[in-house]
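Next comes start.csv, a file with CSV, C-alpha atoms and all ligand atoms.
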```
chain,number,residue,atom,x,y,z
A,696,MET,CA,0.0,0.0,0.0
A,697,LEU,CA,1.4,3.4,-1.0
A,698,ARG,CA,1.3,5.9,1.9
A,699,ILE,CA,0.7,9.5,1.0
A,700,ALA,CA,0.6,12.6,3.2
A,701,VAL,CA,-2.1,15.2,2.2
A,702,PRO,CA,-2.6,18.7,3.9
A,703,ASN,CA,-5.5,18.5,6.4
A,704,LYS,CA,-6.1,22.2,6.7
A,705,GLY,CA,-5.2,25.6,5.2
A,706,SER,CA,-4.8,26.9,1.7
A,707,LEU,CA,-3.4,23.7,0.2
A,708,SER,CA,-5.9,21.2,1.7
A,709,GLY,CA,-9.0,21.7,-0.5
A,710,PRO,CA,-7.1,22.0,-3.8
A,711,ALA,CA,-4.9,19.0,-3.0
A,712,SER,CA,-7.9,16.8,-2.2
A,713,ALA,CA,-9.7,18.1,-5.4
A,714,MET,CA,-6.7,17.1,-7.5
A,715,LEU,CA,-6.4,13.7,-6.0
A,716,HIS,CA,-10.2,13.1,-6.5
A,717,GLU,CA,-9.7,14.2,-10.2
A,718,ALA,CA,-6.9,11.7,-10.5
A,719,GLY,CA,-9.4,9.0,-9.4
A,720,TYR,CA,-8.4,8.5,-5.8
A,721,ARG,CA,-10.9,8.2,-2.9
A,722,GLN,CA,-10.8,11.3,-0.6
A,723,ARG,CA,-12.2,12.0,2.8
A,724,LYS,CA,-15.9,13.0,3.1
A,725,GLU,CA,-15.4,15.3,6.1
A,726,SER,CA,-12.5,17.2,7.5
A,727,LYS,CA,-12.3,15.3,10.8
A,728,GLU,CA,-11.2,12.1,8.9
A,729,LEU,CA,-7.4,11.7,9.5
A,730,VAL,CA,-6.8,8.5,7.4
A,731,VAL,CA,-8.5,7.3,4.3
A,732,ILE,CA,-7.8,3.9,2.7
A,733,ASP,CA,-8.4,3.6,-1.1
A,734,PRO,CA,-8.3,-0.2,-1.5
A,735,ASP,CA,-9.0,-0.1,-5.3
A,736,ASN,CA,-5.9,1.9,-5.9
A,737,GLU,CA,-3.9,0.4,-3.0
A,738,VAL,CA,-3.2,3.8,-1.4
A,739,GLU,CA,-3.5,5.1,2.1
A,740,PHE,CA,-3.9,8.9,2.6
A,741,PHE,CA,-2.8,10.5,5.8
A,742,TYR,CA,-4.2,14.0,6.4
A,743,LEU,CA,-1.5,16.0,8.3
A,744,ARG,CA,-0.6,19.5,9.1
A,745,PRO,CA,1.0,20.9,6.0
A,746,LYS,CA,4.0,22.1,8.0
A,747,ASP,CA,4.6,18.6,9.4
A,748,ILE,CA,4.4,16.7,6.1
A,749,ALA,CA,8.1,17.1,5.1
A,750,ILE,CA,9.1,15.6,8.5
A,751,TYR,CA,6.9,12.5,8.0
A,752,VAL,CA,8.2,12.0,4.5
A,753,ALA,CA,11.8,12.5,5.4
A,754,SER,CA,11.4,9.9,8.2
A,755,GLY,CA,10.5,7.3,5.6
A,756,LYS,CA,7.3,6.4,7.4
A,757,LEU,CA,5.3,7.8,4.5
A,758,ASP,CA,6.3,7.3,0.8
A,759,ILE,CA,5.4,10.7,-0.6
A,760,GLY,CA,3.5,13.9,0.4
A,761,ILE,CA,1.9,17.0,-0.9
A,762,THR,CA,3.0,20.3,0.7
A,763,GLY,CA,4.2,23.8,-0.2
A,764,ARG,CA,7.7,24.4,-1.5
A,765,ASP,CA,8.1,27.1,1.2
A,766,LEU,CA,7.1,24.6,3.9
A,767,LEU,CA,9.5,22.0,2.6
A,768,LEU,CA,12.4,24.5,2.7
A,769,ASP,CA,11.4,25.9,6.0
A,770,SER,CA,11.3,22.5,7.6
A,771,GLY,CA,15.0,21.7,6.7
A,772,ALA,CA,13.8,18.1,6.5
A,773,GLY,CA,15.6,15.5,4.3
A,774,ALA,CA,12.9,15.5,1.6
A,775,GLU,CA,13.0,16.7,-2.0
A,776,GLU,CA,10.5,18.0,-4.6
A,777,ILE,CA,9.6,15.6,-7.4
A,778,LEU,CA,6.6,17.3,-9.1
A,779,ALA,CA,5.1,20.9,-9.0
A,780,LEU,CA,1.3,20.9,-8.9
A,781,ASN,CA,0.4,24.4,-10.2
A,782,PHE,CA,-1.8,25.5,-7.3
A,783,GLY,CA,-1.2,27.1,-3.9
A,784,ARG,CA,1.1,29.7,-5.6
A,785,SER,CA,2.6,32.4,-3.4
A,786,THR,CA,5.7,34.4,-2.9
A,787,PHE,CA,7.6,34.7,0.4
A,788,ARG,CA,8.6,38.3,1.1
A,789,TYR,CA,9.8,40.8,3.6
A,790,ALA,CA,7.5,43.7,4.4
A,791,THR,CA,7.5,46.7,6.8
A,792,ARG,CA,6.0,50.2,7.3
A,793,PRO,CA,7.1,52.7,4.7
A,794,GLY,CA,10.4,54.4,5.7
A,795,THR,CA,11.6,51.6,8.0
A,796,ALA,CA,14.0,49.9,5.6
A,797,ALA,CA,14.6,49.7,1.9
A,798,GLY,CA,15.8,46.0,1.8
A,799,PRO,CA,17.5,43.3,3.8
A,800,GLU,CA,20.8,45.4,3.8
A,801,ASP,CA,19.1,47.7,6.3
A,802,PHE,CA,17.9,45.0,8.7
A,803,GLY,CA,21.0,45.0,11.0
A,804,GLY,CA,19.9,45.1,14.7
A,805,MET,CA,16.2,44.8,13.8
A,806,THR,CA,13.7,42.1,14.7
A,807,ILE,CA,11.9,40.1,12.0
A,808,ALA,CA,8.6,38.3,12.9
A,809,THR,CA,7.7,35.2,10.8
A,810,SER,CA,6.1,31.8,10.9
A,811,TYR,CA,8.9,30.5,8.6
A,812,GLU,CA,11.9,30.8,10.9
A,813,GLY,CA,13.9,28.3,8.9
A,814,ILE,CA,13.7,30.2,5.6
A,815,VAL,CA,14.3,33.6,7.2
A,816,ALA,CA,17.3,32.5,9.4
A,817,LYS,CA,19.0,30.9,6.4
A,818,HIS,CA,18.3,33.9,4.1
A,819,LEU,CA,19.7,36.3,6.7
A,820,ALA,CA,22.8,34.1,7.3
A,821,ASP,CA,23.4,33.8,3.5
A,822,GLN,CA,23.3,37.6,3.2
A,823,GLY,CA,25.5,38.1,6.2
A,824,ILE,CA,22.8,40.2,8.0
A,825,ASP,CA,22.8,40.3,11.8
A,826,ALA,CA,19.1,40.5,12.7
A,827,SER,CA,16.9,38.7,15.3
A,828,VAL,CA,14.0,36.4,14.3
A,829,VAL,CA,10.9,36.0,16.4
A,830,HIS,CA,8.6,33.1,15.7
A,831,LEU,CA,4.8,33.7,15.5
A,832,ASP,CA,2.2,31.2,14.5
A,833,GLY,CA,0.1,33.5,12.3
A,834,ALA,CA,-1.4,37.0,11.9
A,835,VAL,CA,2.3,38.1,11.5
A,836,GLU,CA,1.3,41.4,10.0
A,837,THR,CA,0.1,42.7,13.4
A,838,ALA,CA,3.5,42.2,15.0
A,839,ILE,CA,4.7,45.6,13.7
A,840,GLN,CA,1.7,47.5,15.0
A,841,LEU,CA,2.2,45.9,18.4
A,842,GLY,CA,5.9,46.6,18.5
A,843,VAL,CA,7.1,43.0,18.6
A,844,ALA,CA,9.1,43.4,15.4
A,845,GLN,CA,10.1,46.1,12.8
A,846,ILE,CA,10.0,43.7,9.8
A,847,ILE,CA,7.9,40.7,8.9
A,848,ALA,CA,8.6,37.9,6.5
A,849,ASP,CA,5.4,36.2,5.3
A,850,VAL,CA,3.5,34.5,2.5
A,851,VAL,CA,2.1,37.0,0.0
A,852,GLU,CA,-0.6,35.9,-2.4
A,853,THR,CA,-2.9,38.8,-3.3
A,854,GLY,CA,-1.1,41.4,-1.0
A,855,THR,CA,-4.5,42.2,0.7
A,856,SER,CA,-3.3,41.3,4.2
A,857,LEU,CA,-0.2,43.6,3.8
A,858,ARG,CA,-2.3,46.5,2.5
A,859,ASN,CA,-4.8,46.2,5.3
A,860,ALA,CA,-2.0,46.4,7.8
A,861,GLY,CA,-0.4,49.5,6.1
A,862,LEU,CA,2.7,47.5,5.1
A,863,GLU,CA,4.7,47.3,1.9
A,864,VAL,CA,7.0,44.6,0.5
A,865,ILE,CA,10.7,45.3,0.5
A,866,GLY,CA,13.6,43.7,-1.3
A,867,GLU,CA,13.3,40.9,-3.9
A,868,PRO,CA,11.0,37.9,-3.2
A,869,ILE,CA,12.8,35.4,-1.0
A,870,LEU,CA,11.2,32.5,-2.9
A,871,LYS,CA,8.3,31.6,-5.1
A,872,SER,CA,6.2,28.7,-3.8
A,873,GLU,CA,3.5,26.4,-5.0
A,874,ALA,CA,2.1,23.0,-4.0
A,875,ILE,CA,4.6,20.2,-4.7
A,876,VAL,CA,4.9,16.4,-4.3
A,877,ILE,CA,7.9,15.4,-2.2
A,878,ARG,CA,9.7,12.2,-1.4
A,879,ARG,CA,12.5,11.3,1.0
A,880,HIS,CA,15.9,12.8,0.0
A,881,GLY,CA,18.0,10.2,-1.9
A,882,ALA,CA,15.2,7.6,-2.0
A,883,GLY,CA,16.6,6.1,-5.2
A,884,GLU,CA,14.5,5.3,-8.2
A,885,GLU,CA,10.7,5.7,-7.6
A,886,SER,CA,8.7,2.5,-7.1
A,887,PRO,CA,6.2,1.5,-9.9
A,888,GLN,CA,3.4,2.6,-7.5
A,889,VAL,CA,4.9,6.1,-7.0
A,890,GLN,CA,5.5,6.4,-10.8
A,891,GLN,CA,1.9,5.5,-11.4
A,892,PHE,CA,0.7,8.1,-8.8
A,893,LEU,CA,2.9,10.8,-10.5
A,894,ARG,CA,1.6,9.9,-13.9
A,895,ARG,CA,-2.0,10.3,-12.7
A,896,LEU,CA,-1.2,13.8,-11.3
A,897,GLN,CA,0.6,14.7,-14.4
A,898,GLY,CA,-2.5,13.6,-16.3
A,899,VAL,CA,-4.6,16.0,-14.2
A,900,LEU,CA,-2.1,18.9,-14.8
A,901,VAL,CA,-2.3,18.3,-18.6
A,902,ALA,CA,-6.1,17.9,-18.6
A,903,ARG,CA,-6.4,21.2,-16.7
A,904,SER,CA,-4.1,23.2,-19.0
A,905,TYR,CA,-4.8,21.7,-22.5
A,906,VAL,CA,-7.8,21.4,-24.8
A,907,MET,CA,-8.2,19.1,-27.8
A,908,MET,CA,-8.5,21.1,-31.0
A,909,ASP,CA,-10.1,19.7,-34.3
A,910,TYR,CA,-10.3,21.5,-37.6
A,911,ASP,CA,-10.5,21.0,-41.3
A,912,CYS,CA,-8.1,22.7,-43.7
A,913,ARG,CA,-6.9,22.6,-47.3
A,914,ALA,CA,-4.0,20.2,-47.8
A,915,GLU,CA,-1.8,23.0,-49.2
A,916,HIS,CA,-2.2,24.9,-45.9
A,917,LEU,CA,-1.4,21.9,-43.7
A,918,GLU,CA,2.2,22.8,-42.9
A,919,GLN,CA,1.3,26.3,-41.8
A,920,ALA,CA,-1.7,24.9,-39.8
A,921,VAL,CA,0.5,22.3,-38.1
A,922,ALA,CA,3.0,25.1,-37.1
A,923,LEU,CA,0.1,26.7,-35.2
A,924,THR,CA,-1.0,23.4,-33.6
A,925,PRO,CA,2.1,21.2,-33.3
A,926,GLY,CA,0.5,19.1,-30.5
A,927,LEU,CA,2.5,17.4,-27.8
A,928,GLU,CA,4.0,14.8,-30.0
A,929,SER,CA,2.6,15.5,-33.5
A,930,PRO,CA,-0.9,16.2,-34.7
A,931,THR,CA,-3.2,13.5,-36.2
A,932,VAL,CA,-4.0,14.3,-39.8
A,933,SER,CA,-6.8,12.3,-41.6
A,934,PRO,CA,-8.0,12.6,-45.2
A,935,LEU,CA,-11.5,14.1,-45.7
A,936,HIS,CA,-14.0,12.7,-48.3
A,937,ASN,CA,-13.7,16.1,-50.0
A,938,GLU,CA,-10.5,15.9,-52.0
A,939,GLY,CA,-7.8,18.4,-51.2
A,940,TRP,CA,-9.0,18.8,-47.5
A,941,VAL,CA,-7.7,17.2,-44.4
A,942,ALA,CA,-8.9,16.9,-40.7
A,943,VAL,CA,-6.4,17.8,-38.0
A,944,ARG,CA,-6.5,17.0,-34.3
A,945,ALA,CA,-4.0,18.3,-31.8
A,946,MET,CA,-3.7,19.2,-28.1
A,947,VAL,CA,-3.2,23.0,-27.5
A,948,PRO,CA,-2.7,25.0,-24.4
A,949,ALA,CA,-6.1,26.2,-23.2
A,950,LYS,CA,-4.9,29.7,-22.6
A,951,ASP,CA,-3.9,30.1,-26.3
A,952,ALA,CA,-6.9,28.3,-27.8
A,953,GLN,CA,-8.9,31.4,-28.9
A,954,ARG,CA,-5.9,33.0,-30.5
A,955,ILE,CA,-5.0,29.8,-32.3
A,956,MET,CA,-8.6,29.5,-33.6
A,957,ASP,CA,-8.4,33.0,-35.0
A,958,ASP,CA,-5.1,32.3,-36.7
A,959,LEU,CA,-6.4,29.0,-38.1
A,960,TYR,CA,-9.5,30.7,-39.4
A,961,GLU,CA,-7.4,33.4,-41.1
A,962,LEU,CA,-5.5,30.5,-42.8
A,963,GLY,CA,-8.8,29.2,-44.2
A,964,ALA,CA,-9.4,26.4,-41.7
A,965,ARG,CA,-13.0,25.7,-40.9
A,966,ALA,CA,-15.1,23.6,-38.5
A,967,ILE,CA,-12.6,24.5,-35.7
A,968,LEU,CA,-13.7,23.0,-32.4
A,969,THR,CA,-12.2,22.6,-29.0
A,970,THR,CA,-13.2,20.0,-26.4
A,971,ALA,CA,-12.1,19.6,-22.8
A,972,ILE,CA,-9.8,16.8,-21.8
A,973,HIS,CA,-11.1,15.0,-18.7
A,974,ALA,CA,-8.2,12.7,-18.1
A,975,CYS,CA,-4.9,11.9,-19.8
A,976,ARG,CA,-1.7,9.9,-19.7
A,977,LEU,CA,1.1,11.3,-21.7
B,1,LIG,N1,-3.1,33.2,0.8
B,1,LIG,C1,-2.3,32.3,1.3
B,1,LIG,N2,-2.0,32.2,2.7
B,1,LIG,C2,-1.3,31.3,3.2
B,1,LIG,N3,-0.6,30.3,2.5
B,1,LIG,C3,-0.8,30.3,1.2
B,1,LIG,C4,-1.7,31.2,0.5
B,1,LIG,N4,-1.7,30.9,-0.8
B,1,LIG,C5,-0.9,29.9,-0.9
B,1,LIG,N5,-0.4,29.5,0.3
B,1,LIG,C6,0.5,28.4,0.5
B,1,LIG,O1,-0.1,27.5,1.5
B,1,LIG,C7,0.9,26.9,2.3
B,1,LIG,C8,0.6,27.3,3.8
B,1,LIG,O2,-0.4,26.6,4.2
B,1,LIG,P1,-0.8,26.5,5.7
B,1,LIG,O3,-1.9,25.6,5.8
B,1,LIG,O4,0.4,26.3,6.6
B,1,LIG,O5,-1.2,28.0,6.1
B,1,LIG,P2,-2.5,28.7,5.8
B,1,LIG,O6,-3.1,28.4,4.4
B,1,LIG,O7,-2.2,30.1,6.1
B,1,LIG,O8,-3.5,28.1,6.8
B,1,LIG,P3,-3.8,28.5,8.4
B,1,LIG,O9,-3.0,29.7,8.7
B,1,LIG,O10,-5.3,28.8,8.3
B,1,LIG,O11,-3.4,27.3,9.2
B,1,LIG,C9,2.2,27.5,1.9
B,1,LIG,O12,2.8,26.6,1.0
B,1,LIG,C10,1.8,28.8,1.2
B,1,LIG,O13,2.8,29.2,0.2
B,2,LIG,O1,-1.5,38.2,0.2
B,2,LIG,P1,-2.8,37.6,0.8
B,2,LIG,O2,-3.8,37.2,-0.3
B,2,LIG,O3,-3.5,38.5,1.8
B,2,LIG,O4,-2.5,36.2,1.5
B,2,LIG,C1,-1.4,36.1,2.5
B,2,LIG,C2,-1.9,36.1,3.9
B,2,LIG,O5,-2.7,34.9,4.1
B,2,LIG,C3,-2.1,34.1,5.1
B,2,LIG,O6,-2.6,34.4,6.3
B,2,LIG,P2,-3.9,33.6,6.9
B,2,LIG,O7,-5.2,34.2,6.5
B,2,LIG,O8,-3.7,32.1,6.6
B,2,LIG,O9,-3.7,33.9,8.5
B,2,LIG,P3,-2.5,33.5,9.4
B,2,LIG,O10,-1.6,34.6,9.3
B,2,LIG,O11,-3.1,33.4,10.7
B,2,LIG,O12,-1.9,32.2,8.9
B,2,LIG,C4,-0.6,34.6,5.1
B,2,LIG,O13,0.0,34.3,6.3
B,2,LIG,C5,-0.7,36.0,4.8
B,2,LIG,O14,-1.0,36.8,6.0
B,3,MG,MG,-2.0,31.1,7.5
```
Just give me the structure of the file as structure tokens.
Amino acid sequence: MLRIAVPNKGSLSGPASAMLHEAGYRQRKESKELVVIDPDNEVEFFYLRPKDIAIYVASGKLDIGITGRDLLLDSGAGAEEILALNFGRSTFRYATRPGTAAGPEDFGGMTIATSYEGIVAKHLADQGIDASVVHLDGAVETAIQLGVAQIIADVVETGTSLRNAGLEVIGEPILKSEAIVIRRHGAGEESPQVQQFLRRLQGVLVARSYVMMDYDCRAEHLEQAVALTPGLESPTVSPLHNEGWVAVRAMVPAKDAQRIMDDLYELGARAILTTAIHACRL
């Protein structure tokens, strides 16, 4: 049985379960369930605090886990990223009241409040900055108003929390994060079960970001049309009953689909359709 850690709360929890459900795995029906067995797929899911997942995976007690890249780095645990999942995106940044500091170079002697002590301590050490770090569990933005710190380092998604607290980001982003799949560091070649799990998630990623495009075009325009829709491997081209015409089928990035349809139409292609992909194995 493959043992997989899944976030039980917070920003990653819902999207992670939704992705696993889309990949055909059984997921918990209510948030109090801590373990779910999926006998058909021979997988056991453990719902754990996202911050703890890297520690469990590094210990080798669980095979793989879904967590945030920032949480993995902060933990310092012996685990490594094997697949990025394209949700839970955020940046990790310093912020302060206007006029306090222009960037990390001004932090000497100041106190920085954060829930991600591991990332901040390492970043300061790498830059040779002598500042103190105070650990807070959340609502870090308020630490400045209450005088516990002059600087904060926190997750920024929309920036609303910072704006509401009258703070502004300073310096370059410390890192960019998203949800990832992790495994124990140096675990060797992935088992066939892990490989199958990763293929399923990759299938969801592709199904979410591509559409299938079909169209008819004149044979003499085929090369130009195929340049617009190269597909992942190569498009399928079939003859039409109408001589001199072909039907083309290729996967295209969903975000580009409308522009590609316009360009194909300009080229003389007709009956241009897109359909959603529900599942896929590359
Ligand atoms: N708006 C956001 N707030 C916090 N974390 C976010 C946000 N968007 C994405 N994330 C990512 O979610 C992970 C943090 O999840 P975690 O559950 O620890 O905190 P949370 O979502 O703030 O939940 P809570 O504070 O309610 O426990 C990190 O990988 C972080 O980058
Ligand atoms: O840029 P934004 O879209 O505002 O998102 C980022 C904010 O969301 C999270 O806080 P959360 O609401 O989880 O509260 P917490 O600080 O108690 O964790 C995070 O710690 C930031 O404060
Ligand atoms: Mg939070």
Quick one: pull the distance between atom CA of Leu927 of chain A and atom CA of Met946 of chain A, Å, one decimal.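 According to the coordinates, atom CA of Leu927 of chain A and atom CA of Met946 of chain A are separated by 6.5 Å.
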I want to know what sits within 10 Å of segment 884-895 of chain A, based on only C-alpha atoms, with residues of the same chain fewer than 5 positions away left out; could you give that as a ChimeraX atom specification? /A:696-699,714-715,717-720,736-738,758-759,777-778,876,878,900-901,974-977
Might you pull out every residue within 7 Å of Thr791 of chain A, with only C-alpha atoms counted and same-chain residues fewer than 4 positions away left off, and present them as JSON, numbers by chain? {"A": [795, 845, 846, 847, 862, 863, 864]}
When distances are computed from all atoms listed in the file, which of A:Arg788, A:His936, A:Arg721, A:His916 shows the smallest separation from ligand LIG 2 (chain B)?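 Looking at the shortest contact to ligand LIG 2 (chain B), the residue is A:Arg788.
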Show which residues sit within 8 Å of Thr924 of chain A, as a count of residues only. Count only C-alpha atoms, and ignore same-chain residues fewer than 4 positions away. 6
If the limit is 10 Å from any atom of ligand LIG 1 (chain B), counting all atoms listed in the file, which residues qualify? Return them as a PyMOL selection string. chain A and resi 702-708+743-747+761-769+782-787+810-811+832-834+849-856+870-875
Return the single residue from A:Gln840, A:Gln822, A:Thr809, A:Gln897 that is closest to ligand LIG 2 (chain B), with distances computed using only C-alpha atoms and all ligand atoms.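 Looking only at the distances to ligand LIG 2 (chain B), the closest residue turns out to be A:Thr809.
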What's the 10 Å shell around Ala753 of chain A, counting all atoms listed in the file, without same-chain residues fewer than 5 positions away, as a list in words? Ile748, Asp758, Ile759, Gly760, Gly771, Ala772, Gly773, Ala774, Glu775, Ile877, Arg878, Arg879, His880, Gly881 and Ala882 of chain A
Between atom CA of Met956 of chain A and atom CA of Tyr910 of chain A lies a distance of 9.1 Å
As lines of an AutoDock Vina configuration file: centre and edge lengths in Å, one decimal, of the axis-aligned box holding ligand LIG 2 (chain B) with 3 Å per side:
```
center_x = -2.6
center_y = 35.3
center_z = 5.2
size_x = 11.2
size_y = 12.4
size_z = 17.0
```
